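*Asks:* Next up, my_file_16.txt (compact mmCIF, C-alpha atoms and all ligand atoms).
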# COMPACT_ATOMS: atom_id res chain seq x y z
CA MET H 18 -13.05 1.67 18.82
CA MET H 19 -12.32 5.29 19.75
CA SER H 20 -14.99 7.97 19.31
CA GLN H 21 -14.72 9.93 16.11
CA GLU H 22 -14.88 13.57 17.30
CA ILE H 23 -11.48 14.28 15.75
CA GLU H 24 -11.94 14.92 12.05
CA VAL H 25 -9.82 13.02 9.57
CA THR H 26 -10.25 13.57 5.84
CA GLN H 27 -11.19 10.75 3.50
CA GLU H 28 -8.10 11.62 1.48
CA ALA H 29 -5.86 10.98 4.50
CA VAL H 30 -7.63 7.68 5.18
CA ASP H 31 -7.26 6.56 1.56
CA LYS H 32 -3.61 7.53 1.50
CA LEU H 33 -2.76 5.63 4.66
CA TYR H 34 -4.82 2.66 3.53
CA GLU H 35 -2.84 2.50 0.27
CA ARG H 36 0.44 2.75 2.14
CA LEU H 37 -0.42 0.08 4.71
CA ASN H 38 -1.72 -2.21 1.99
CA LYS H 39 1.47 -1.87 -0.03
CA GLU H 40 3.69 -2.40 3.02
CA ALA H 41 1.64 -5.36 4.21
CA GLU H 42 1.76 -7.15 0.86
CA ALA H 43 5.49 -6.49 0.49
CA ALA H 44 6.10 -8.05 3.90
CA GLY H 45 3.83 -11.08 3.42
CA TYR H 46 0.84 -9.70 5.37
CA HIS H 47 -2.66 -8.87 4.18
CA LEU H 48 -5.12 -6.17 5.14
CA ASN H 49 -8.71 -7.28 5.63
CA PRO H 50 -10.29 -7.48 2.14
CA ASP H 51 -13.43 -5.74 3.44
CA VAL H 52 -12.19 -2.34 2.31
CA GLU H 53 -14.91 -0.27 3.98
CA PHE H 54 -14.34 -1.97 7.35
CA THR H 55 -10.58 -1.70 6.97
CA LYS H 56 -10.70 1.98 6.10
CA GLU H 57 -12.70 2.64 9.27
CA LEU H 58 -9.90 1.04 11.28
CA VAL H 59 -7.37 3.11 9.36
CA ARG H 60 -9.43 6.21 10.21
CA SER H 61 -9.28 5.23 13.90
CA LEU H 62 -5.52 4.86 13.67
CA LEU H 63 -5.29 8.40 12.30
CA ILE H 64 -7.58 9.70 15.04
CA ASN H 65 -5.47 7.99 17.67
CA GLU H 66 -2.36 9.45 16.10
CA ARG H 67 -3.85 12.94 16.43
CA ARG H 68 -5.00 12.23 19.96
CA TYR H 69 -1.95 10.48 21.37
CA GLY H 70 0.81 10.99 18.83
CA TYR H 71 1.03 7.34 17.85
CA TRP H 72 -1.05 4.62 16.20
CA SER H 73 -2.62 3.16 19.27
CA CYS H 74 -4.65 0.02 18.51
CA PRO H 75 -8.21 1.01 17.52
CA CYS H 76 -9.70 -1.84 19.56
CA ARG H 77 -7.91 -1.33 22.84
CA LEU H 78 -7.95 1.29 25.54
CA SER H 79 -4.92 3.54 25.29
CA THR H 80 -3.32 5.17 28.33
CA GLY H 81 -2.05 8.04 26.20
CA VAL H 82 1.46 7.35 27.54
CA LYS H 83 3.58 5.97 24.72
CA GLU H 84 5.91 4.02 27.00
CA GLU H 85 2.90 2.19 28.47
CA ASP H 86 1.28 1.56 25.10
CA LEU H 87 4.30 0.48 23.05
CA ASP H 88 2.99 -3.08 22.78
CA ILE H 89 -0.31 -1.91 21.27
CA ILE H 90 1.03 0.52 18.70
CA CYS H 91 -0.11 -0.84 15.35
CA PRO H 92 1.10 -3.33 14.26
CA CYS H 93 0.95 -4.55 17.86
CA ASP H 94 3.17 -7.15 19.51
CA TYR H 95 0.29 -9.64 19.36
CA ARG H 96 -0.56 -9.48 15.65
CA ASP H 97 1.52 -12.38 14.41
CA ALA H 98 0.47 -14.78 17.16
CA ASP H 99 -3.20 -13.95 16.54
CA LEU H 100 -2.81 -14.35 12.78
CA LEU H 101 -1.27 -17.74 13.34
CA GLU H 102 -3.88 -18.94 15.82
CA TYR H 103 -7.04 -17.09 14.75
CA ASP H 104 -6.33 -15.96 11.16
CA ALA H 105 -6.77 -12.29 12.06
CA CYS H 106 -5.34 -9.72 14.43
CA TYR H 107 -7.45 -8.63 17.40
CA CYS H 108 -9.14 -5.83 15.41
CA ALA H 109 -9.17 -7.88 12.15
CA LEU H 110 -7.23 -5.17 10.36
CA TYR H 111 -4.81 -7.89 9.28
CA VAL H 112 -5.96 -11.32 8.14
CA SER H 113 -4.16 -14.50 7.16
CA ASP H 114 -3.53 -15.97 3.72
CA LYS H 115 -6.29 -18.48 4.38
CA VAL H 116 -8.84 -15.72 4.89
CA ILE H 117 -7.72 -14.03 1.68
CA LYS H 118 -8.12 -17.31 -0.20
CA GLY H 119 -11.59 -17.82 1.29
CA GLU H 120 -10.52 -20.97 3.13
CA LYS H 121 -11.28 -19.48 6.56
CA GLU H 122 -13.43 -16.77 8.15
CA PRO H 123 -11.96 -14.52 10.84
CA LYS H 124 -13.47 -15.45 14.21
CA PRO H 125 -13.72 -13.64 17.56
CA ILE H 126 -10.32 -13.38 19.16
CA PRO H 127 -9.67 -13.40 22.89
CA GLU H 128 -7.42 -10.63 24.22
CA ARG H 129 -3.83 -11.89 24.26
CA ARG H 130 -2.33 -8.79 25.83
CA PRO H 131 -1.14 -9.47 29.38
CA THR H 132 -2.64 -7.36 32.16
CA ARG H 133 -0.82 -4.22 33.19
CA GLU H 134 0.43 -5.99 36.29
CA GLN H 135 1.83 -8.88 34.24
CA ARG H 136 3.48 -6.44 31.83
CA ASN H 137 5.11 -4.57 34.69
CA GLN H 138 6.38 -7.81 36.19
CA PHE H 139 7.88 -8.76 32.83
CA LYS H 140 9.59 -5.37 32.54
CA GLU H 141 11.10 -5.81 36.00
CA LYS H 142 12.47 -9.22 35.01
CA GLN H 143 13.98 -7.81 31.81
CA LYS H 144 15.84 -5.18 33.83
CA GLY H 145 17.73 -7.88 35.69
CA LYS H 146 18.97 -9.62 32.51
CA VAL H 147 22.76 -9.82 32.27
CA PRO H 148 24.07 -9.26 28.73
CA THR H 149 26.26 -12.05 27.31
CA GLY H 150 29.62 -11.50 25.61
CA THR H 151 28.57 -10.49 22.08
CA SER H 152 30.53 -7.70 20.43
CA LYS H 153 27.35 -5.78 19.61
CA PRO H 154 23.96 -5.70 21.27
CA VAL H 155 21.26 -7.82 19.64
CA TRP H 156 17.90 -6.12 19.03
CA ARG H 157 14.60 -7.90 18.57
CA CYS H 158 11.57 -6.48 16.79
CA ARG H 159 8.70 -7.02 19.22
CA VAL H 160 6.24 -7.18 16.35
CA CYS H 161 7.70 -9.84 14.05
CA GLY H 162 10.68 -11.21 15.99
CA TYR H 163 13.34 -9.97 13.51
CA LEU H 164 16.78 -9.98 15.17
CA CYS H 165 19.79 -7.85 14.33
CA ALA H 166 23.17 -7.23 15.97
CA ARG H 167 24.16 -3.57 15.77
CA ASP H 168 24.78 -0.61 18.03
CA GLU H 169 21.27 0.77 17.61
CA PRO H 170 18.07 -0.83 16.33
CA PRO H 171 17.13 0.12 12.73
CA GLU H 172 14.82 3.10 12.21
CA VAL H 173 12.26 0.76 10.61
CA CYS H 174 12.07 -3.03 10.81
CA PRO H 175 13.00 -4.35 7.34
CA ILE H 176 10.46 -7.15 7.70
CA CYS H 177 7.28 -5.69 9.21
CA LYS H 178 8.04 -1.93 9.03
CA ALA H 179 7.56 -1.40 12.78
CA LYS H 180 9.38 1.71 13.99
CA LYS H 181 12.63 1.81 15.99
CA ASP H 182 10.87 2.17 19.33
CA ARG H 183 9.29 -1.27 18.88
CA PHE H 184 12.70 -2.97 19.21
CA GLU H 185 13.88 -4.35 22.52
CA ARG H 186 17.32 -5.37 23.64
CA PHE H 187 17.45 -9.15 23.18
CA ILE H 188 21.07 -9.80 24.22
S1 LIG C 1 -2.31 -5.24 14.36
FE1 LIG C 1 -2.74 -5.05 16.54
S2 LIG C 1 -2.74 -2.85 16.87
FE2 LIG C 1 -3.02 -3.15 14.69
S3 LIG C 1 -5.19 -3.17 14.40
FE3 LIG C 1 -4.53 -5.29 14.65
S4 LIG C 1 -4.82 -5.72 16.82
FE4 LIG C 1 -4.87 -3.51 16.60
Please express the file's structure as structure tokens.
*Replies:*
Amino acid sequence: MMSQEIEVTQEAVDKLYERLNKEAEAAGYHLNPDVEFTKELVRSLLINERRYGYWSCPCRLSTGVKEEDLDIICPCDYRDADLLEYDACYCALYVSDKVIKGEKEPKPIPERRPTREQRNQFKEKQKGKVPTGTSKPVWRCRVCGYLCARDEPPEVCPICKAKKDRFERFI
């Protein structure tokens, strides 16, 4: 987690916590029920926002370059896969239904994020993709997999609320 030398008010933390909680529940996700722990992660998100200009994951090292860190802007590209496999995201900000119901405990999660080299290789491969003959481009939300065919990706994913810059050209 990032050091806390940037000051964030408790009011700002509470406000963002409420917002994330509401959005998560509306989209079928759950914040960690340990409110104190969760609010500390929310505080780190706010600190990272001040530091870098975006919600870089509190549990990962940010480069400070948005383009490089897009996959770890919260909610990160790896959240859903970790929820499915480990019942929590890497930081345990989000937990599964089973954790909420007390049927499972979140456990340590191995890092799923590919290395920088692997990510760069993937980007190179994507560049070479030839679009097929659809009338409009298809965009995919990198966070939840939502697909839509339109000229531009939506400002906010209607499913997981990820911002426009988290969409990638799918077709
Ligand atoms: S969803 Fe991803 S970015 Fe957000 S706190 Fe969890 S692991 Fe970090």
*Asks:* Taking 5 positions as the minimum chain separation for residues in the same chain, which residues sit within 10 Å of Cys93 (chain H) when counting all atoms listed in the file? Answer as a ChimeraX atom specification.
*Replies:* /H:72-74,86-88,106-107,130,159-161,179,183
*Asks:* Distance table requested - chain H against ligand LIG 1 (chain C), cut-off 10 Å, only C-alpha atoms and all ligand atoms: one row per qualifying residue with the closest atom pair and its distance in Å to one decimal, ordered by chain and rising residue number, as CSV.
*Replies:*
residue,atom,partner,partner_atom,distance
H:Met18,CA,C:LIG1,FE4,9.9
H:Leu48,CA,C:LIG1,FE3,9.6
H:Thr55,CA,C:LIG1,S3,9.3
H:Leu58,CA,C:LIG1,S3,7.0
H:Val59,CA,C:LIG1,S3,8.3
H:Ser61,CA,C:LIG1,S3,9.4
H:Leu62,CA,C:LIG1,S3,8.1
H:Trp72,CA,C:LIG1,S2,7.7
H:Ser73,CA,C:LIG1,S2,6.5
H:Cys74,CA,C:LIG1,S2,3.8
H:Pro75,CA,C:LIG1,FE4,5.7
H:Cys76,CA,C:LIG1,FE4,5.9
H:Arg77,CA,C:LIG1,FE4,7.3
H:Leu87,CA,C:LIG1,S2,9.9
H:Asp88,CA,C:LIG1,S2,8.2
H:Ile89,CA,C:LIG1,S2,5.1
H:Ile90,CA,C:LIG1,S2,5.4
H:Cys91,CA,C:LIG1,S2,3.6
H:Pro92,CA,C:LIG1,S1,3.9
H:Cys93,CA,C:LIG1,FE1,4.0
H:Asp94,CA,C:LIG1,FE1,6.9
H:Tyr95,CA,C:LIG1,FE1,6.2
H:Arg96,CA,C:LIG1,S1,4.8
H:Asp97,CA,C:LIG1,S1,8.1
H:Asp99,CA,C:LIG1,S4,8.4
H:Leu100,CA,C:LIG1,S1,9.3
H:Ala105,CA,C:LIG1,FE3,7.8
H:Cys106,CA,C:LIG1,FE3,4.5
H:Tyr107,CA,C:LIG1,S4,4.0
H:Cys108,CA,C:LIG1,S4,4.5
H:Ala109,CA,C:LIG1,FE3,5.9
H:Leu110,CA,C:LIG1,S3,4.9
H:Tyr111,CA,C:LIG1,FE3,6.0
H:Val112,CA,C:LIG1,FE3,9.0
H:Ile126,CA,C:LIG1,S4,9.7
H:Glu128,CA,C:LIG1,S4,9.3
H:Arg129,CA,C:LIG1,S4,9.7
H:Arg130,CA,C:LIG1,S4,9.8
H:Val160,CA,C:LIG1,S1,9.0
*Asks:* Taking all listed atoms of region 40-57 of chain H, build the axis-aligned box, pad each of the six sides by 5 Å, then write its centre and edge lengths in Å to one decimal as lines of an AutoDock Vina configuration file.
*Replies:*
center_x = -4.4
center_y = -4.2
center_z = 4.9
size_x = 31.0
size_y = 23.7
size_z = 18.8
*Asks:* Considering only C-alpha atoms, return as a list in words whatever protein or nucleic-acid residues lie within 6 Å of Ala166 (chain H), sequence-local ones (same chain, fewer than 4 positions apart) excluded.
*Replies:*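 Residues meeting the cut-off are Lys153, Pro154 and Val155 of chain H.
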*Asks:* Quick one: everything within 9 Å of His47 (chain H), counting all atoms listed in the file, minus sequence neighbours fewer than 3 positions away in the same chain. Send it as a PyMOL selection string.
*Replies:* chain H and resi 38+41-42+44+50+110-114+117
*Asks:* Contacts of Pro170 (chain H) at 10 Å or less, counting only C-alpha atoms, minus same-chain residues fewer than 3 places along, as a ChimeraX atom specification?
*Replies:* /H:154-158,164-167,173-174,180-186
*Asks:* Excluding region 21-30 of chain H and residues on its chain fewer than 5 positions from it, collect all residues at most 7 Å away from it, counting only C-alpha atoms, and give them as a list of chain:residue names.
*Replies:* H:Lys56, H:Val59, H:Arg60, H:Ile64
*Asks:* Kindly indicate which residue among H:Gly162, H:Ala98, H:Glu57, H:Val82 lies nearest to Leu33 (chain H), using only C-alpha atoms for the distances.
*Replies:* H:Glu57
*Asks:* Record the distance separating CA of Pro123 (chain H) and CA of Leu37 (chain H), expressed in Å with one decimal.
*Replies:*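 Separating CA of Pro123 (chain H) from CA of Leu37 (chain H) is a distance of 19.6 Å.
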*Asks:* I'd like the interatomic distance between CA of Gly119 (chain H) and CA of Glu102 (chain H), to a tenth of an Å.
*Replies:*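 Between CA of Gly119 (chain H) and CA of Glu102 (chain H) the gap is 16.5 Å.
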*Asks:* Figure out the distance between CA of Leu101 (chain H) and CA of Phe187 (chain H), please, to one decimal in Å.
*Replies:*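 Distance between the two atoms: 22.8 Å.
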*Asks:* Using all atoms listed in the file, which of H:Asp104, H:Pro127, H:Ser152, H:Tyr163 sits nearest Cys177 (chain H)?
*Replies:*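 Of H:Asp104, H:Pro127, H:Ser152, H:Tyr163, the one nearest Cys177 (chain H), counting all atoms listed in the file, is H:Tyr163.
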